[in-house]
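What follows is a short report on a single structure.
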Amino acid sequence: MKSALIFILLGFCFTQYVTVQAQNPIGLKVSASLRGLLLGAAVVVKYLQPNIDQGQYNSNVVKNYQLIVPGYELKPEHIWLDENVYNFSDADWLLGATPNTTGWVQQNGMQLRGHTLVWAYDMRIPRWLLDREASITPEKAKTLLRNYIYTVVGRYRGKIQWWDVINELISNYNNTRPFYIANSFWYRKLGIDYVKYAYIFAHEADPDAKLYYNDFGIQQGGFKADRVFDLIDWLKSENVPIHGVGIQWHIKVSETVTPGDAHYQTAQRFIDRNLDLMVTELDISIPMVDSHPVDPNDIQRQGLAYRSILDYVLYFAPRTPALLTWGFTDRYSWIPAATNYTQGEALPLDANYQPKPAYWQMQDDLARVLLNGIYRLSPKSQPSTCLGIAGNSTRSAVQLYTGACNQTNQQWNLMWLGDGTYRFSPQSVDSSALNAYNVTASTGTVRIYEWIGSFDQEWVISCQGNATYRIGPRNAWQRVLAVDQTSNIVIMNSTRDERQQWIIH
Ligand code: 9MR
């Protein structure tokens, strides 16, 4: 029985072997928020209107996400109609037109990611600007860029927490320009320095906004990613304000992601440069024929792929504040048309808004990672020890024991609380529960305390992708249960050290 249980538990952690059954779709955002993760999706503003698909588009956004990115409505091609002429109607509907007014975003408790101030391709630069190219001096071009960024970022100052300042700058082809950037109006007028100017202007317009560089095809490292690293190193050496990188993640179902692989290494390289990292445009395409998957098993594989990317995001917390998919329902996705209908069904909800395995896998990964039962908890750094309590009182201290851990004070009754958190009660004093103290102090402590259902007694468990788990207090998600250098049990900031990884067995 016990070994069967362990097998199941390891299965939950080694995602390749898991098939998750349909459950109650509690909504992804509840469980994501407990982990401090913002789950988001690209939306089309006009579909948020209540009459579209009987309100299903709108209600599914509200139920599952805390963050949206307008797929089109904040781009220069949509907003910038002429010099000093702007179309803010959609953006105002989302955010409110003036500092004191709100829009759909605030009214629904959402946050918004701005995409994008500059898209480096001529195809995405307003036509009127290209038409006047011959008569625009470099100085005038710089003024135009400044005015645009000041106007757009300034209008929504304090309402847009993250901006893609530059999107898709690095060309996929060799060329003679610095960092192999794409040719564009801005490059022809201002050279590579326009990139610097864009970040500086955005920072001046909203000093609190986090400024991102966003691109595709860089998640696994390689030539293009190396050029992005070069670009970032240059920007940093010039003291340009850049805070994060958006990796788009438009991938095929055949791309697998496992801890330690090139995807993880690439993420670490960004984080080593003191940048935040977001998955900004995830979709996972399935090969299609006649509007059906070529291989029906791909729908399950896609679920596991979604889960593995969520694992990767959770692994790098708190440097990974958000994961966004590019759309959320197969009803509206750019993939079929962009691939001549050879790829499709790339998102977590199907064309009728029904959850797919991708949805269940994410919900399962975010919410319920372990079954109720009696467990031992061993830190990975000291696997032959286990967590136990030092006395029989309901307020006993917690410490590590060495040995087989067969005593009831060395085993924990793990209970799912139904909302993404768990209670840990020592078997010997089952009326009490593991309780965190001073969770926000530099070092918090733990002991057991009578179970009263307070947030200090509720714990979020995340799989670390290698059969170990991170255990964090509900009310301080960026902090974790850990063993310190002198083997005390403490609460500290997450570093992913082995002292913070728990084998739950
Ligand atoms: O999905 C977007 C589509 O509606 C727009 O017409 C198009 C051009 O603005 O952009 C699409 O979104 C792209 C995103 O802005 C950047 N990465 C690739 C996305 C898919 O093409």
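How things are named: the first chain in the structure tokens is A, the next is B, and so on; residues count from 1 in each chain; ligands count from 1 in the order shown.
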What are the nearest atom pairs, with distances in Å to one decimal, for all residues of chain A that come at most 10 Å from ligand 1, using only C-alpha atoms and all ligand atoms, set out by chain and rising residue number as a Markdown table?
```
| residue | atom | partner | partner_atom_place_in_ligand_line | distance |
| --- | --- | --- | --- | --- |
| A:Ala42 | CA | ligand 1 | 1 (O) | 8.0 |
| A:Val43 | CA | ligand 1 | 1 (O) | 8.9 |
| A:Val44 | CA | ligand 1 | 4 (O) | 7.7 |
| A:Val69 | CA | ligand 1 | 15 (O) | 9.8 |
| A:Pro70 | CA | ligand 1 | 2 (C) | 8.9 |
| A:Gly71 | CA | ligand 1 | 2 (C) | 5.1 |
| A:Tyr72 | CA | ligand 1 | 9 (O) | 5.3 |
| A:Glu73 | CA | ligand 1 | 9 (O) | 8.6 |
| A:Leu74 | CA | ligand 1 | 9 (O) | 9.4 |
| A:Lys75 | CA | ligand 1 | 9 (O) | 6.9 |
| A:Pro76 | CA | ligand 1 | 9 (O) | 9.1 |
| A:Glu77 | CA | ligand 1 | 9 (O) | 7.3 |
| A:His78 | CA | ligand 1 | 9 (O) | 8.2 |
| A:His115 | CA | ligand 1 | 15 (O) | 7.1 |
| A:Thr116 | CA | ligand 1 | 15 (O) | 7.5 |
| A:Trp119 | CA | ligand 1 | 15 (O) | 8.3 |
| A:Met123 | CA | ligand 1 | 8 (C) | 8.9 |
| A:Arg124 | CA | ligand 1 | 9 (O) | 6.8 |
| A:Ile125 | CA | ligand 1 | 9 (O) | 9.9 |
| A:Asn167 | CA | ligand 1 | 16 (C) | 7.0 |
| A:Glu168 | CA | ligand 1 | 16 (C) | 7.3 |
| A:Asn214 | CA | ligand 1 | 16 (C) | 8.2 |
| A:Asp215 | CA | ligand 1 | 17 (N) | 7.2 |
| A:Phe216 | CA | ligand 1 | 17 (N) | 7.0 |
| A:Ile247 | CA | ligand 1 | 17 (N) | 9.8 |
| A:Gln248 | CA | ligand 1 | 17 (N) | 6.8 |
| A:Trp249 | CA | ligand 1 | 17 (N) | 9.4 |
| A:His250 | CA | ligand 1 | 18 (C) | 7.9 |
| A:Thr280 | CA | ligand 1 | 17 (N) | 8.9 |
| A:Glu281 | CA | ligand 1 | 17 (N) | 7.0 |
| A:Leu282 | CA | ligand 1 | 17 (N) | 9.9 |
| A:Asp283 | CA | ligand 1 | 20 (C) | 9.9 |
| A:Trp326 | CA | ligand 1 | 1 (O) | 7.2 |
| A:Gly327 | CA | ligand 1 | 1 (O) | 8.0 |
| A:Tyr332 | CA | ligand 1 | 1 (O) | 9.3 |
| A:Ser333 | CA | ligand 1 | 1 (O) | 7.3 |
| A:Trp334 | CA | ligand 1 | 1 (O) | 5.5 |
| A:Ile335 | CA | ligand 1 | 20 (C) | 7.8 |
| A:Ala338 | CA | ligand 1 | 21 (O) | 7.8 |
```
query = Skipping near chain neighbours, those fewer than 6 positions away, what residues fall within 7 Å of Tyr199 (chain A) using only C-alpha atoms, listed as an NGL selection string?
reply = :A and (165 or 240-242)
inquiry  = Env of region 171-180 of chain A: 8 Å cut, atoms = only C-alpha atoms, seq-sep filter 2 positions within chain, self excluded. Answer as a ChimeraX atom specification.
reply    = /A:168-169,182-183,192,224,227-228,230-231
Those same residues - all heavy atoms - I'd like them written as a tab-separated table (two decimals), in the first residue's frame.
```tsv
chain	number	residue	atom	x	y	z
A	168	GLU	N	10.78	41.60	-30.29
A	168	GLU	CA	11.32	40.89	-31.46
A	168	GLU	C	12.33	41.72	-32.25
A	168	GLU	O	12.19	41.92	-33.45
A	168	GLU	CB	10.17	40.41	-32.36
A	168	GLU	CG	9.24	39.47	-31.62
A	168	GLU	CD	8.05	38.98	-32.44
A	168	GLU	OE1	8.09	39.09	-33.67
A	168	GLU	OE2	7.09	38.48	-31.83
A	169	LEU	N	13.36	42.14	-31.55
A	169	LEU	CA	14.39	42.97	-32.19
A	169	LEU	C	15.40	42.15	-32.97
A	169	LEU	O	15.87	42.57	-34.03
A	169	LEU	CB	15.11	43.76	-31.09
A	169	LEU	CG	16.27	44.65	-31.54
A	169	LEU	CD1	15.75	45.80	-32.38
A	169	LEU	CD2	17.03	45.19	-30.33
A	182	ALA	N	16.95	43.48	-36.41
A	182	ALA	CA	16.18	43.64	-37.65
A	182	ALA	C	16.36	45.06	-38.20
A	182	ALA	O	16.55	46.00	-37.43
A	182	ALA	CB	14.70	43.38	-37.36
A	183	ASN	N	16.26	45.17	-39.50
A	183	ASN	CA	16.24	46.50	-40.11
A	183	ASN	C	14.87	47.12	-39.83
A	183	ASN	O	13.86	46.43	-39.80
A	183	ASN	CB	16.45	46.36	-41.61
A	183	ASN	CG	16.74	47.70	-42.27
A	183	ASN	OD1	16.90	48.72	-41.58
A	183	ASN	ND2	16.81	47.71	-43.58
A	192	ILE	N	21.56	51.72	-33.55
A	192	ILE	CA	21.22	50.87	-32.41
A	192	ILE	C	20.80	51.69	-31.18
A	192	ILE	O	20.08	51.20	-30.31
A	192	ILE	CB	22.42	49.94	-32.07
A	192	ILE	CG1	22.08	48.93	-30.96
A	192	ILE	CG2	23.66	50.73	-31.67
A	192	ILE	CD1	21.11	47.87	-31.37
A	224	LYS	N	20.36	32.86	-31.37
A	224	LYS	CA	19.53	34.05	-31.17
A	224	LYS	C	19.54	34.47	-29.70
A	224	LYS	O	19.66	35.67	-29.39
A	224	LYS	CB	18.11	33.76	-31.65
A	224	LYS	CG	17.20	34.97	-31.62
A	224	LYS	CD	15.87	34.66	-32.30
A	224	LYS	CE	14.94	35.84	-32.23
A	224	LYS	NZ	13.64	35.54	-32.86
A	227	ARG	N	22.56	36.40	-28.86
A	227	ARG	CA	22.50	37.82	-29.29
A	227	ARG	C	21.67	38.64	-28.29
A	227	ARG	O	21.98	39.79	-28.03
A	227	ARG	CB	21.90	37.93	-30.69
A	227	ARG	CG	22.62	37.17	-31.78
A	227	ARG	CD	23.98	37.76	-32.11
A	227	ARG	NE	25.04	37.40	-31.16
A	227	ARG	CZ	25.64	36.20	-31.07
A	227	ARG	NH1	25.29	35.21	-31.86
A	227	ARG	NH2	26.59	35.98	-30.18
A	228	VAL	N	20.62	38.03	-27.74
A	228	VAL	CA	19.83	38.73	-26.72
A	228	VAL	C	20.70	38.99	-25.48
A	228	VAL	O	20.68	40.09	-24.91
A	228	VAL	CB	18.55	37.95	-26.36
A	228	VAL	CG1	17.79	38.64	-25.22
A	228	VAL	CG2	17.65	37.81	-27.58
A	230	ASP	N	23.90	39.36	-25.46
A	230	ASP	CA	24.84	40.44	-25.82
A	230	ASP	C	24.14	41.80	-25.74
A	230	ASP	O	24.71	42.77	-25.23
A	230	ASP	CB	25.36	40.25	-27.26
A	230	ASP	CG	26.25	39.02	-27.39
A	230	ASP	OD1	26.70	38.51	-26.34
A	230	ASP	OD2	26.47	38.57	-28.54
A	231	LEU	N	22.93	41.86	-26.27
A	231	LEU	CA	22.17	43.11	-26.26
A	231	LEU	C	21.95	43.58	-24.82
A	231	LEU	O	22.15	44.75	-24.48
A	231	LEU	CB	20.82	42.90	-26.96
A	231	LEU	CG	19.84	44.05	-26.86
A	231	LEU	CD1	20.22	45.14	-27.86
A	231	LEU	CD2	18.40	43.58	-27.12
```
For region 346-356 of chain A, work out the shell of residues within 10 Å, counting only C-alpha atoms and skipping chain neighbours fewer than 4 positions away, then give it as a PDB file with C-alpha atoms, in the first residue's frame.
```
ATOM      1  CA  ALA A  22     -11.049  15.932 -15.116  1.00  0.00           C
ATOM      2  CA  GLN A  23     -11.859  17.568 -11.797  1.00  0.00           C
ATOM      3  CA  PRO A  25     -12.516  23.469 -12.687  1.00  0.00           C
ATOM      4  CA  ASP A  53     -20.145  33.792 -27.049  1.00  0.00           C
ATOM      5  CA  GLN A  56     -18.096  32.812 -22.027  1.00  0.00           C
ATOM      6  CA  TYR A  57     -14.985  34.584 -23.275  1.00  0.00           C
ATOM      7  CA  ASN A  60     -13.330  32.469 -18.507  1.00  0.00           C
ATOM      8  CA  HIS A 250       5.428  29.620 -29.061  1.00  0.00           C
ATOM      9  CA  ILE A 251       6.402  25.977 -29.239  1.00  0.00           C
ATOM     10  CA  LYS A 252       5.426  22.656 -30.733  1.00  0.00           C
ATOM     11  CA  VAL A 253       4.203  19.758 -28.641  1.00  0.00           C
ATOM     12  CA  LEU A 282       2.872  30.436 -24.352  1.00  0.00           C
ATOM     13  CA  ASP A 283       1.062  28.208 -26.785  1.00  0.00           C
ATOM     14  CA  ILE A 284       1.860  24.610 -27.624  1.00  0.00           C
ATOM     15  CA  SER A 285       0.872  23.629 -31.145  1.00  0.00           C
ATOM     16  CA  ILE A 286      -0.315  20.212 -32.210  1.00  0.00           C
ATOM     17  CA  PRO A 287       0.099  18.905 -35.793  1.00  0.00           C
ATOM     18  CA  ILE A 299      -3.673  16.303 -26.492  1.00  0.00           C
ATOM     19  CA  GLN A 300      -2.367  14.421 -23.421  1.00  0.00           C
ATOM     20  CA  GLN A 302       0.358  18.808 -24.625  1.00  0.00           C
ATOM     21  CA  GLY A 303      -1.041  18.677 -21.089  1.00  0.00           C
ATOM     22  CA  TYR A 306       2.042  22.761 -20.223  1.00  0.00           C
ATOM     23  CA  THR A 325      -0.611  32.162 -22.715  1.00  0.00           C
ATOM     24  CA  TRP A 326      -1.256  33.783 -26.094  1.00  0.00           C
ATOM     25  CA  GLY A 327      -5.024  33.527 -25.966  1.00  0.00           C
ATOM     26  CA  PHE A 328      -6.685  30.832 -23.857  1.00  0.00           C
ATOM     27  CA  THR A 329      -9.295  29.131 -26.029  1.00  0.00           C
ATOM     28  CA  ASP A 330      -8.725  27.280 -29.299  1.00  0.00           C
ATOM     29  CA  ARG A 331     -11.697  29.219 -30.614  1.00  0.00           C
ATOM     30  CA  TYR A 332      -9.425  32.238 -31.043  1.00  0.00           C
ATOM     31  CA  SER A 333      -5.784  31.479 -31.696  1.00  0.00           C
ATOM     32  CA  TRP A 334      -3.327  32.809 -34.227  1.00  0.00           C
ATOM     33  CA  ILE A 335      -1.731  29.398 -34.785  1.00  0.00           C
ATOM     34  CA  PRO A 336      -4.019  27.709 -37.388  1.00  0.00           C
ATOM     35  CA  TRP A 360      -6.204  19.977 -15.710  1.00  0.00           C
ATOM     36  CA  GLN A 361      -2.467  19.525 -15.606  1.00  0.00           C
ATOM     37  CA  MET A 362      -1.937  23.157 -14.697  1.00  0.00           C
TER      38      MET A 362
END
```
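Closest approach to Lys189 (chain A) from the set A:Asn58, A:Lys140, A:Ser442, A:Gln219 is made by A:Lys140, with distances taken over only C-alpha atoms.
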request  = Apply DSSP to the backbone of this structure and, from region 13-200 of chain A, keep only the residues in alpha helix (DSSP H); write these as a ChimeraX atom specification.
outcome  = /A:13,28-34,56-64,76-79,89-95,104-107,127-131,138-155,185-190,193-200
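Here CA of Gln399 (chain A) and CA of Val483 (chain A) stand 9.3 Å from one another.
Closest approach to Tyr86 (chain A) from the set A:Leu144, A:Val152, A:Ala305, A:Ile52 is made by A:Val152, with distances taken over only C-alpha atoms.
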Test item: residues at most 8 Å from region 127-134 of chain A, only C-alpha atoms, excluding those fewer than 5 positions along its chain, as a compact mmCIF listing (two decimals) with N, CA and C atoms, in the first residue's frame:
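Saved to selection.txt:
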```
# COMPACT_ATOMS: atom_id res chain seq x y z
N LEU A 81 -2.05 56.88 -34.91
CA LEU A 81 -2.68 57.11 -36.21
C LEU A 81 -1.94 58.16 -37.03
N ASP A 82 -1.28 59.08 -36.35
CA ASP A 82 -0.49 60.12 -37.04
C ASP A 82 0.28 60.85 -35.95
N ASP A 122 9.46 46.79 -39.88
CA ASP A 122 8.73 47.81 -40.63
C ASP A 122 7.26 47.45 -40.79
N PHE A 185 12.62 51.22 -39.60
CA PHE A 185 12.62 52.68 -39.63
C PHE A 185 13.50 53.25 -38.51
```
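Interatomic distance, CA of Gly388 (chain A) to CA of Pro426 (chain A): 7.5 Å.
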inquiry  = From the options A:Trp162, A:Phe316, A:Tyr156, A:Tyr213, which residue's atoms come nearest to Thr98 (chain A), counting only C-alpha atoms?
reply    = A:Tyr156
ask   = Quick one, how far is CA of Pro357 (chain A) from CA of Arg301 (chain A)?
value = 8.6 Å
task = Step one, run DSSP on the backbone; step two, keep only residues of region 190-383 of chain A assigned to strand (DSSP E); then write them as a count of residues only.
result = 41
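Within the 12 Å cut-off around Asp226 (chain A), using only C-alpha atoms and omitting residues fewer than 6 positions from it on the same chain, the listed residues are A:Ile170, A:Phe179, A:Tyr180, A:Gly217, A:Ile218, A:Gln219, A:Gln220, A:Ile232, A:Asp233, A:Thr266, A:Arg269, A:Phe270.
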Selection above as a file: N, CA, C and O atoms, as a PDB file, in the first residue's frame:
```pdb
ATOM      1  N   ILE A 170      15.749  41.003 -32.427  1.00  0.00           N
ATOM      2  CA  ILE A 170      16.843  40.238 -33.025  1.00  0.00           C
ATOM      3  C   ILE A 170      16.314  39.473 -34.234  1.00  0.00           C
ATOM      4  O   ILE A 170      15.340  38.733 -34.134  1.00  0.00           O
ATOM      5  N   PHE A 179      24.263  43.148 -33.023  1.00  0.00           N
ATOM      6  CA  PHE A 179      23.436  42.109 -32.383  1.00  0.00           C
ATOM      7  C   PHE A 179      22.473  41.448 -33.374  1.00  0.00           C
ATOM      8  O   PHE A 179      21.480  40.867 -32.983  1.00  0.00           O
ATOM      9  N   TYR A 180      22.769  41.583 -34.656  1.00  0.00           N
ATOM     10  CA  TYR A 180      21.900  41.007 -35.702  1.00  0.00           C
ATOM     11  C   TYR A 180      20.453  41.514 -35.569  1.00  0.00           C
ATOM     12  O   TYR A 180      19.489  40.755 -35.715  1.00  0.00           O
ATOM     13  N   GLY A 217      11.677  32.153 -29.732  1.00  0.00           N
ATOM     14  CA  GLY A 217      12.767  31.295 -30.203  1.00  0.00           C
ATOM     15  C   GLY A 217      14.053  31.413 -29.398  1.00  0.00           C
ATOM     16  O   GLY A 217      15.140  31.109 -29.901  1.00  0.00           O
ATOM     17  N   ILE A 218      13.953  31.863 -28.160  1.00  0.00           N
ATOM     18  CA  ILE A 218      15.153  32.017 -27.329  1.00  0.00           C
ATOM     19  C   ILE A 218      15.085  31.160 -26.067  1.00  0.00           C
ATOM     20  O   ILE A 218      16.013  31.159 -25.272  1.00  0.00           O
ATOM     21  N   GLN A 219      13.966  30.430 -25.899  1.00  0.00           N
ATOM     22  CA  GLN A 219      13.780  29.715 -24.637  1.00  0.00           C
ATOM     23  C   GLN A 219      14.800  28.607 -24.415  1.00  0.00           C
ATOM     24  O   GLN A 219      15.116  28.257 -23.288  1.00  0.00           O
ATOM     25  N   GLN A 220      15.341  28.075 -25.517  1.00  0.00           N
ATOM     26  CA  GLN A 220      16.237  26.933 -25.373  1.00  0.00           C
ATOM     27  C   GLN A 220      17.698  27.317 -25.579  1.00  0.00           C
ATOM     28  O   GLN A 220      18.550  26.469 -25.753  1.00  0.00           O
ATOM     29  N   ILE A 232      21.533  42.640 -23.966  1.00  0.00           N
ATOM     30  CA  ILE A 232      21.255  42.994 -22.569  1.00  0.00           C
ATOM     31  C   ILE A 232      22.531  43.439 -21.864  1.00  0.00           C
ATOM     32  O   ILE A 232      22.532  44.424 -21.112  1.00  0.00           O
ATOM     33  N   ASP A 233      23.623  42.736 -22.126  1.00  0.00           N
ATOM     34  CA  ASP A 233      24.890  43.130 -21.483  1.00  0.00           C
ATOM     35  C   ASP A 233      25.277  44.546 -21.913  1.00  0.00           C
ATOM     36  O   ASP A 233      25.756  45.342 -21.109  1.00  0.00           O
ATOM     37  N   THR A 266      19.145  28.382 -19.785  1.00  0.00           N
ATOM     38  CA  THR A 266      18.950  29.698 -20.401  1.00  0.00           C
ATOM     39  C   THR A 266      18.243  30.634 -19.423  1.00  0.00           C
ATOM     40  O   THR A 266      18.631  31.797 -19.268  1.00  0.00           O
ATOM     41  N   ARG A 269      20.629  31.921 -16.942  1.00  0.00           N
ATOM     42  CA  ARG A 269      21.532  32.964 -17.470  1.00  0.00           C
ATOM     43  C   ARG A 269      20.870  34.340 -17.429  1.00  0.00           C
ATOM     44  O   ARG A 269      21.529  35.341 -17.174  1.00  0.00           O
ATOM     45  N   PHE A 270      19.572  34.395 -17.695  1.00  0.00           N
ATOM     46  CA  PHE A 270      18.882  35.687 -17.575  1.00  0.00           C
ATOM     47  C   PHE A 270      18.855  36.128 -16.111  1.00  0.00           C
ATOM     48  O   PHE A 270      19.119  37.293 -15.791  1.00  0.00           O
TER      49      PHE A 270
END
```
request  = Skip Leu387 (chain A) itself and residues of its chain fewer than 3 positions away, then list as number ranges by chain all residues within 7 Å of it, counting only C-alpha atoms.
outcome  = A: 377-378, 399-401, 410
Once you have the residues from the selection above, write them out as a PDB file, in the first residue's frame, restricted to C-alpha atoms.
```pdb
ATOM      1  CA  LEU A 377       9.507  14.915   5.737  1.00  0.00           C
ATOM      2  CA  SER A 378      13.262  14.770   5.056  1.00  0.00           C
ATOM      3  CA  GLN A 399      13.337  19.569  15.138  1.00  0.00           C
ATOM      4  CA  LEU A 400      15.177  17.049  12.977  1.00  0.00           C
ATOM      5  CA  TYR A 401      15.528  13.420  14.056  1.00  0.00           C
ATOM      6  CA  GLN A 410       8.170  11.981  13.515  1.00  0.00           C
TER       7      GLN A 410
END
```
